[in-house]
Amino acid sequence: MSLATVQNVQKQAATNQNTIFQVDNFNLWYGETHALKEVDLSINEKEITAIIGPSGCGKSTFLKTLNRMVEMVPSVKTSGDIYYRSQNILNKSFHVENLRTRVGMVFQKPNPFPKSVYENVAYGPKIHGIKNKKTLDEIVEKSLRDAYIWDEVKDRLKENAYGLSGGQQQRLCIARTLAIEPDVILMDEPTSALDPISTLKVEELIQKLKEDYSIVIVTHNMQQAARISDRTAFFLNGEVVEFNDTETLFSNPSDQRTEDYITGRFG
Amino acid sequence: MNYMDIQHVQKKMKTRIVKNNILKYIFLLATVIGLVVLATLIIRVFTQGIGAINVDFLTGHLSTAPERAGIMGAILGTLWLMAVVIPVTIIIGIGTALYLELYLKEGRTRALIQTNISNLAGVPSIVYGILGLTVFVRAMDLGNIVLAGGLTLALLILPIVIVAAQESIRSVPQHLTEASYGMGATKWQTIRRIILPAALPGMLTGSILAISRAIGETAPLTVIGIPALLIPFPEGITDKFTALPMQIYYWTLDAVLVEEYAKLASATIIVLLLLLFILNSVAIIIRNKFQQRY
């Protein structure tokens, strides 16, 4: 056994109990561009895993691989394995719809549907077959409460979601994701389009959500990663340079490139 | 040091402003020419034809005697044609557009189909008439009935409908479809709940405009041999028929023999214009009613 394999086995043994995603030797190409190189990562249950790195380092690509949204780009090719709760999600027989029901996503720009607040939250339950009005009402209220936006929108449930502020729209999108009761929530720079106060609210929300959900968050903002995450992965040019406890990574990085990045020498 | 010579700029300023004004009037002239021609057409048609329009004319049978001639048969024929053209173009057109935009992977096949559809939109309508004659009237042995005429007209406008529908689909913001797929929706659920509601106004507007064009077409119908004879009113899509543009065509042609026919042709044009006007109003109403803001 090579050293890498030994380490891998050890890592797996240590974390197997609560590993949600296990990424093994994963590569991804956009046409000829090698965007992710030999990524090995494991993501734990009920933790916030932050992905940091400069623009174009592949962090968003990696996130979108976890729910296979990356396949919407026509020229994508991959190799390696990604296990979600020990099922290989890259397997041809694995239905993406199944995966995305368990692995929800919140996008960079708030993207509510041009429908009412209520219909936005009820969208997920409806497509998964819930028709009962009372059940839907309960799901909508619970999801909006869990996203800490209920008090702000409870009187405007029938109004178009586009009338909400940017920060409210983003929390609505989080509520919409919560409504399908996912196992994992992927967040792609969820606060980059928001003002500081809305950012703070969303950050508080993310930390509350950790109690019930596993969260993977891509962020441009290192302070944000340091503030909210349990573990942090630093991506550079499509490679994972360092992956460790957030505290260790920020206070005592083991790789020079990580140190350069977090101290602001580049990026 | 200064690249901007203010005196030079001011010297040239007058020419620039004059040029600016001249161009404004050229564009105005272009618009006015179009409007004047259109107005002349409408005024002429109305002054000549409005006198011939009365209940007997609208509800009567065709006749060689101008004072007894009615266009009910042609109106019914055109309505039956629409009954074939509208569902066929909308279903096939939107279906094709959805397949090309959302299912077919990008590549050589798609590019080939796309180019062909765009080219088909430019094929003269008489060629579609020949196609309809060969396929529907003769090979399928339908004869010159409403169904054959309707399918021919549907083929004629399908390329336009498909391209319009594709553009509407493409204009649906990707972040909305991503949000839907991201929650585990299937492609069909995403189409039905997100893409169609957003794209439908554009699709229907494009379709209705294309259908108005089909309603006014004469060439393909002449080729498949639509008569302007004393035939019974069409009662279904398997009956022989005549249509408003055919009636206009024959009456205009025969106006050399019977002068009165020119008036009847103008009156029929008014009826046809009214029909198109109603159809286009429906398109506008649909667009305004369903239009969403993103």
# chains A, B, ... in the order shown; residues from 1 in each chain; ligands from 1
>>> interface_residues(of="chain B", to="chain A", cutoff="12 Å", atoms="only C-alpha atoms", output="count of residues only")
37
>>> select_by_dssp(residues="region 24-143 of chain A", states="alpha helix (DSSP H)", output="number ranges by chain")
A: 59-66, 96-102, 117-127, 133-143
>>> atom_distance(atom1="CA of Thr19 (chain A)", atom2="CA of Val70 (chain A)")
22.2 Å
>>> residues_around(residues="region 135-142 of chain A", least_positions_apart="4", cutoff="10 Å", atoms="only C-alpha atoms", output="list in words")
Val117, Tyr118, Glu119, Asn120, Val121, Ala122, Tyr123, Pro125, Lys126, Ile130, Lys131, Asp146, Ala147, Tyr148, Ile149, Trp150, Lys154, Leu157, Ala175, Arg176, Leu178, Ala179, Ile180 and Glu181 of chain A
>>> residues_around(residues="region 66-74 of chain B", least_positions_apart="5", cutoff="9 Å", atoms="only C-alpha atoms", output="PDB file with N, CA and C atoms, in the first residue's frame")
ATOM      1  N   ALA B  52     -69.913  47.413 -49.656  1.00  0.00           N
ATOM      2  CA  ALA B  52     -70.379  46.075 -50.032  1.00  0.00           C
ATOM      3  C   ALA B  52     -70.646  45.187 -48.821  1.00  0.00           C
ATOM      4  N   VAL B  55     -75.092  42.231 -43.947  1.00  0.00           N
ATOM      5  CA  VAL B  55     -75.341  40.912 -43.365  1.00  0.00           C
ATOM      6  C   VAL B  55     -75.422  39.843 -44.455  1.00  0.00           C
ATOM      7  N   ASP B  56     -76.075  40.162 -45.565  1.00  0.00           N
ATOM      8  CA  ASP B  56     -76.207  39.173 -46.631  1.00  0.00           C
ATOM      9  C   ASP B  56     -74.843  38.774 -47.180  1.00  0.00           C
ATOM     10  N   PHE B  57     -73.975  39.782 -47.334  1.00  0.00           N
ATOM     11  CA  PHE B  57     -72.637  39.502 -47.862  1.00  0.00           C
ATOM     12  C   PHE B  57     -71.857  38.601 -46.903  1.00  0.00           C
ATOM     13  N   LEU B  58     -71.978  38.877 -45.616  1.00  0.00           N
ATOM     14  CA  LEU B  58     -71.216  38.108 -44.633  1.00  0.00           C
ATOM     15  C   LEU B  58     -71.745  36.694 -44.453  1.00  0.00           C
ATOM     16  N   THR B  59     -73.061  36.521 -44.620  1.00  0.00           N
ATOM     17  CA  THR B  59     -73.635  35.213 -44.301  1.00  0.00           C
ATOM     18  C   THR B  59     -74.024  34.420 -45.540  1.00  0.00           C
ATOM     19  N   GLY B  60     -73.937  35.036 -46.719  1.00  0.00           N
ATOM     20  CA  GLY B  60     -74.461  34.383 -47.913  1.00  0.00           C
ATOM     21  C   GLY B  60     -73.523  33.387 -48.559  1.00  0.00           C
ATOM     22  N   HIS B  61     -74.108  32.587 -49.466  1.00  0.00           N
ATOM     23  CA  HIS B  61     -73.318  31.675 -50.286  1.00  0.00           C
ATOM     24  C   HIS B  61     -72.629  32.441 -51.398  1.00  0.00           C
ATOM     25  N   LEU B  79     -61.735  29.792 -40.872  1.00  0.00           N
ATOM     26  CA  LEU B  79     -61.808  29.390 -39.458  1.00  0.00           C
ATOM     27  C   LEU B  79     -61.442  27.915 -39.291  1.00  0.00           C
ATOM     28  N   ALA B 228     -62.683  28.105 -56.137  1.00  0.00           N
ATOM     29  CA  ALA B 228     -63.514  29.244 -55.741  1.00  0.00           C
ATOM     30  C   ALA B 228     -64.844  29.053 -56.440  1.00  0.00           C
ATOM     31  N   ILE B 231     -69.455  25.777 -53.799  1.00  0.00           N
ATOM     32  CA  ILE B 231     -69.445  24.541 -53.032  1.00  0.00           C
ATOM     33  C   ILE B 231     -70.164  24.774 -51.715  1.00  0.00           C
ATOM     34  N   PRO B 232     -70.669  23.696 -51.090  1.00  0.00           N
ATOM     35  CA  PRO B 232     -71.375  23.863 -49.806  1.00  0.00           C
ATOM     36  C   PRO B 232     -70.439  24.397 -48.722  1.00  0.00           C
ATOM     37  N   PHE B 233     -71.003  24.966 -47.671  1.00  0.00           N
ATOM     38  CA  PHE B 233     -70.182  25.428 -46.540  1.00  0.00           C
ATOM     39  C   PHE B 233     -69.411  24.249 -45.949  1.00  0.00           C
ATOM     40  N   PRO B 234     -68.126  24.441 -45.628  1.00  0.00           N
ATOM     41  CA  PRO B 234     -67.385  23.341 -44.984  1.00  0.00           C
ATOM     42  C   PRO B 234     -67.904  23.135 -43.556  1.00  0.00           C
ATOM     43  N   PHE B 241     -63.105  23.180 -49.281  1.00  0.00           N
ATOM     44  CA  PHE B 241     -63.323  24.530 -48.742  1.00  0.00           C
ATOM     45  C   PHE B 241     -62.716  25.574 -49.670  1.00  0.00           C
ATOM     46  N   THR B 242     -63.080  26.824 -49.409  1.00  0.00           N
ATOM     47  CA  THR B 242     -62.317  27.931 -49.961  1.00  0.00           C
ATOM     48  C   THR B 242     -61.999  28.837 -48.783  1.00  0.00           C
ATOM     49  N   ALA B 243     -61.065  29.763 -48.968  1.00  0.00           N
ATOM     50  CA  ALA B 243     -60.653  30.601 -47.849  1.00  0.00           C
ATOM     51  C   ALA B 243     -60.647  32.061 -48.269  1.00  0.00           C
ATOM     52  N   LEU B 244     -60.617  32.952 -47.300  1.00  0.00           N
ATOM     53  CA  LEU B 244     -60.710  34.390 -47.596  1.00  0.00           C
ATOM     54  C   LEU B 244     -59.660  34.867 -48.599  1.00  0.00           C
ATOM     55  N   PRO B 245     -58.371  34.544 -48.404  1.00  0.00           N
ATOM     56  CA  PRO B 245     -57.396  35.047 -49.377  1.00  0.00           C
ATOM     57  C   PRO B 245     -57.641  34.501 -50.783  1.00  0.00           C
ATOM     58  N   MET B 246     -58.151  33.272 -50.886  1.00  0.00           N
ATOM     59  CA  MET B 246     -58.460  32.715 -52.205  1.00  0.00           C
ATOM     60  C   MET B 246     -59.561  33.516 -52.873  1.00  0.00           C
ATOM     61  N   GLN B 247     -60.578  33.871 -52.066  1.00  0.00           N
ATOM     62  CA  GLN B 247     -61.691  34.628 -52.567  1.00  0.00           C
ATOM     63  C   GLN B 247     -61.216  35.990 -53.094  1.00  0.00           C
ATOM     64  N   VAL B 258     -65.995  41.340 -64.512  1.00  0.00           N
ATOM     65  CA  VAL B 258     -67.131  41.956 -63.826  1.00  0.00           C
ATOM     66  C   VAL B 258     -66.579  43.012 -62.869  1.00  0.00           C
ATOM     67  N   GLU B 260     -67.804  44.871 -60.618  1.00  0.00           N
ATOM     68  CA  GLU B 260     -68.298  44.793 -59.245  1.00  0.00           C
ATOM     69  C   GLU B 260     -67.416  43.923 -58.345  1.00  0.00           C
ATOM     70  N   TYR B 261     -66.741  42.928 -58.955  1.00  0.00           N
ATOM     71  CA  TYR B 261     -65.925  42.002 -58.173  1.00  0.00           C
ATOM     72  C   TYR B 261     -64.833  42.730 -57.379  1.00  0.00           C
ATOM     73  N   LEU B 264     -66.152  43.616 -54.112  1.00  0.00           N
ATOM     74  CA  LEU B 264     -66.274  42.437 -53.253  1.00  0.00           C
ATOM     75  C   LEU B 264     -64.903  42.034 -52.702  1.00  0.00           C
ATOM     76  N   THR B 268     -63.861  41.790 -48.851  1.00  0.00           N
ATOM     77  CA  THR B 268     -63.281  40.580 -48.253  1.00  0.00           C
ATOM     78  C   THR B 268     -61.963  40.900 -47.550  1.00  0.00           C
TER      79      THR B 268
END
>>> closest_residue(among="A:Glu189, A:Glu71, A:Glu211, A:Asp183", to="Arg85 (chain A)", atoms="only C-alpha atoms")
A:Asp183
>>> closest_residue(among="B:Ile237, B:Leu98, B:Ala267, B:Ile42", to="Gly149 (chain B)", atoms="only C-alpha atoms")
B:Ile237
>>> atom_distance(atom1="CA of Leu221 (chain B)", atom2="CA of Ile50 (chain B)")
26.2 Å
>>> residues_around(residues="Gly206 (chain B)", least_positions_apart="6", cutoff="8 Å", atoms="only C-alpha atoms", output="NGL selection string")
:B and (160-161 or 164-165)
>>> write_last_selection(atoms="C-alpha atoms", output="PDB file, in the first residue's frame")
ATOM      1  CA  ILE B 160     -40.876  30.570 -37.728  1.00  0.00           C
ATOM      2  CA  VAL B 161     -42.762  29.206 -34.722  1.00  0.00           C
ATOM      3  CA  ALA B 164     -39.523  32.127 -31.948  1.00  0.00           C
ATOM      4  CA  ALA B 165     -40.178  29.480 -29.288  1.00  0.00           C
TER       5      ALA B 165
END
>>> residues_around(residues="Ile52 (chain A)", least_positions_apart="3", cutoff="10 Å", atoms="only C-alpha atoms", output="MDAnalysis selection string")
chainID A and resid 49 55 57:60 189 217:222 224:225 232:236 240 261:262
>>> residues_around(residues="Leu205 (chain A)", least_positions_apart="3", cutoff="12 Å", atoms="only C-alpha atoms", output="ChimeraX atom specification")
/A:144-149,167,170-172,174-175,178,190-191,198-202,208-213,215,228
>>> write_last_selection(atoms="N, CA and C atoms", output="PDB file, in the first residue's frame")
ATOM      1  N   LEU A 144     -39.884  28.884   6.694  1.00  0.00           N
ATOM      2  CA  LEU A 144     -39.644  30.320   6.814  1.00  0.00           C
ATOM      3  C   LEU A 144     -39.190  30.677   8.230  1.00  0.00           C
ATOM      4  N   ARG A 145     -39.766  29.977   9.212  1.00  0.00           N
ATOM      5  CA  ARG A 145     -39.328  30.216  10.601  1.00  0.00           C
ATOM      6  C   ARG A 145     -37.873  29.779  10.761  1.00  0.00           C
ATOM      7  N   ASP A 146     -37.558  28.592  10.225  1.00  0.00           N
ATOM      8  CA  ASP A 146     -36.191  28.088  10.358  1.00  0.00           C
ATOM      9  C   ASP A 146     -35.179  28.993   9.651  1.00  0.00           C
ATOM     10  N   ALA A 147     -35.645  29.699   8.640  1.00  0.00           N
ATOM     11  CA  ALA A 147     -34.739  30.604   7.931  1.00  0.00           C
ATOM     12  C   ALA A 147     -34.790  32.013   8.518  1.00  0.00           C
ATOM     13  N   TYR A 148     -35.449  32.151   9.655  1.00  0.00           N
ATOM     14  CA  TYR A 148     -35.548  33.441  10.361  1.00  0.00           C
ATOM     15  C   TYR A 148     -36.069  34.570   9.485  1.00  0.00           C
ATOM     16  N   ILE A 149     -37.084  34.263   8.681  1.00  0.00           N
ATOM     17  CA  ILE A 149     -37.631  35.317   7.841  1.00  0.00           C
ATOM     18  C   ILE A 149     -39.147  35.369   7.986  1.00  0.00           C
ATOM     19  N   GLY A 167     -31.337  40.706   0.791  1.00  0.00           N
ATOM     20  CA  GLY A 167     -31.047  39.824   1.917  1.00  0.00           C
ATOM     21  C   GLY A 167     -32.227  38.926   2.250  1.00  0.00           C
ATOM     22  N   GLN A 170     -32.443  36.161  -0.267  1.00  0.00           N
ATOM     23  CA  GLN A 170     -31.495  35.079  -0.048  1.00  0.00           C
ATOM     24  C   GLN A 170     -31.968  34.165   1.088  1.00  0.00           C
ATOM     25  N   ARG A 171     -32.527  34.759   2.153  1.00  0.00           N
ATOM     26  CA  ARG A 171     -33.044  33.912   3.235  1.00  0.00           C
ATOM     27  C   ARG A 171     -34.271  33.130   2.768  1.00  0.00           C
ATOM     28  N   LEU A 172     -35.048  33.743   1.844  1.00  0.00           N
ATOM     29  CA  LEU A 172     -36.168  33.008   1.263  1.00  0.00           C
ATOM     30  C   LEU A 172     -35.641  31.801   0.477  1.00  0.00           C
ATOM     31  N   ILE A 174     -32.954  30.208   1.068  1.00  0.00           N
ATOM     32  CA  ILE A 174     -32.533  29.208   2.053  1.00  0.00           C
ATOM     33  C   ILE A 174     -33.764  28.471   2.579  1.00  0.00           C
ATOM     34  N   ALA A 175     -34.851  29.216   2.869  1.00  0.00           N
ATOM     35  CA  ALA A 175     -36.090  28.583   3.320  1.00  0.00           C
ATOM     36  C   ALA A 175     -36.604  27.610   2.270  1.00  0.00           C
ATOM     37  N   LEU A 178     -34.647  24.561   2.605  1.00  0.00           N
ATOM     38  CA  LEU A 178     -34.999  23.821   3.832  1.00  0.00           C
ATOM     39  C   LEU A 178     -36.299  23.047   3.651  1.00  0.00           C
ATOM     40  N   PRO A 190     -22.914  32.626  -0.588  1.00  0.00           N
ATOM     41  CA  PRO A 190     -24.293  33.077  -0.413  1.00  0.00           C
ATOM     42  C   PRO A 190     -24.422  34.524   0.030  1.00  0.00           C
ATOM     43  N   THR A 191     -23.347  35.127   0.483  1.00  0.00           N
ATOM     44  CA  THR A 191     -23.481  36.509   0.963  1.00  0.00           C
ATOM     45  C   THR A 191     -22.749  37.515   0.081  1.00  0.00           C
ATOM     46  N   SER A 198     -27.293  42.287   6.043  1.00  0.00           N
ATOM     47  CA  SER A 198     -27.896  41.052   5.549  1.00  0.00           C
ATOM     48  C   SER A 198     -26.909  39.902   5.657  1.00  0.00           C
ATOM     49  N   THR A 199     -25.633  40.187   5.380  1.00  0.00           N
ATOM     50  CA  THR A 199     -24.597  39.162   5.482  1.00  0.00           C
ATOM     51  C   THR A 199     -24.554  38.596   6.893  1.00  0.00           C
ATOM     52  N   LEU A 200     -24.599  39.500   7.856  1.00  0.00           N
ATOM     53  CA  LEU A 200     -24.562  39.075   9.256  1.00  0.00           C
ATOM     54  C   LEU A 200     -25.736  38.156   9.574  1.00  0.00           C
ATOM     55  N   LYS A 201     -26.923  38.549   9.104  1.00  0.00           N
ATOM     56  CA  LYS A 201     -28.121  37.744   9.367  1.00  0.00           C
ATOM     57  C   LYS A 201     -27.990  36.361   8.750  1.00  0.00           C
ATOM     58  N   VAL A 202     -27.493  36.333   7.504  1.00  0.00           N
ATOM     59  CA  VAL A 202     -27.354  35.041   6.834  1.00  0.00           C
ATOM     60  C   VAL A 202     -26.313  34.191   7.555  1.00  0.00           C
ATOM     61  N   LYS A 208     -26.932  28.532  12.910  1.00  0.00           N
ATOM     62  CA  LYS A 208     -28.060  27.843  13.537  1.00  0.00           C
ATOM     63  C   LYS A 208     -28.377  26.556  12.787  1.00  0.00           C
ATOM     64  N   LEU A 209     -28.274  26.662  11.436  1.00  0.00           N
ATOM     65  CA  LEU A 209     -28.640  25.511  10.611  1.00  0.00           C
ATOM     66  C   LEU A 209     -27.725  24.315  10.855  1.00  0.00           C
ATOM     67  N   LYS A 210     -26.525  24.598  11.329  1.00  0.00           N
ATOM     68  CA  LYS A 210     -25.547  23.551  11.561  1.00  0.00           C
ATOM     69  C   LYS A 210     -26.067  22.474  12.512  1.00  0.00           C
ATOM     70  N   GLU A 211     -26.966  22.870  13.405  1.00  0.00           N
ATOM     71  CA  GLU A 211     -27.491  21.891  14.361  1.00  0.00           C
ATOM     72  C   GLU A 211     -28.228  20.752  13.655  1.00  0.00           C
ATOM     73  N   ASP A 212     -28.843  21.072  12.517  1.00  0.00           N
ATOM     74  CA  ASP A 212     -29.652  20.051  11.844  1.00  0.00           C
ATOM     75  C   ASP A 212     -29.121  19.624  10.483  1.00  0.00           C
ATOM     76  N   TYR A 213     -28.247  20.420   9.925  1.00  0.00           N
ATOM     77  CA  TYR A 213     -27.812  20.130   8.557  1.00  0.00           C
ATOM     78  C   TYR A 213     -26.283  20.148   8.469  1.00  0.00           C
ATOM     79  N   ILE A 215     -23.286  21.499   6.194  1.00  0.00           N
ATOM     80  CA  ILE A 215     -23.203  22.633   5.276  1.00  0.00           C
ATOM     81  C   ILE A 215     -21.816  22.710   4.652  1.00  0.00           C
ATOM     82  N   ILE A 228     -17.352  31.217  10.792  1.00  0.00           N
ATOM     83  CA  ILE A 228     -18.481  30.285  10.878  1.00  0.00           C
ATOM     84  C   ILE A 228     -18.138  28.823  10.687  1.00  0.00           C
TER      85      ILE A 228
END
>>> atom_distance(atom1="CA of Glu242 (chain A)", atom2="CA of Ile82 (chain A)")
18.8 Å
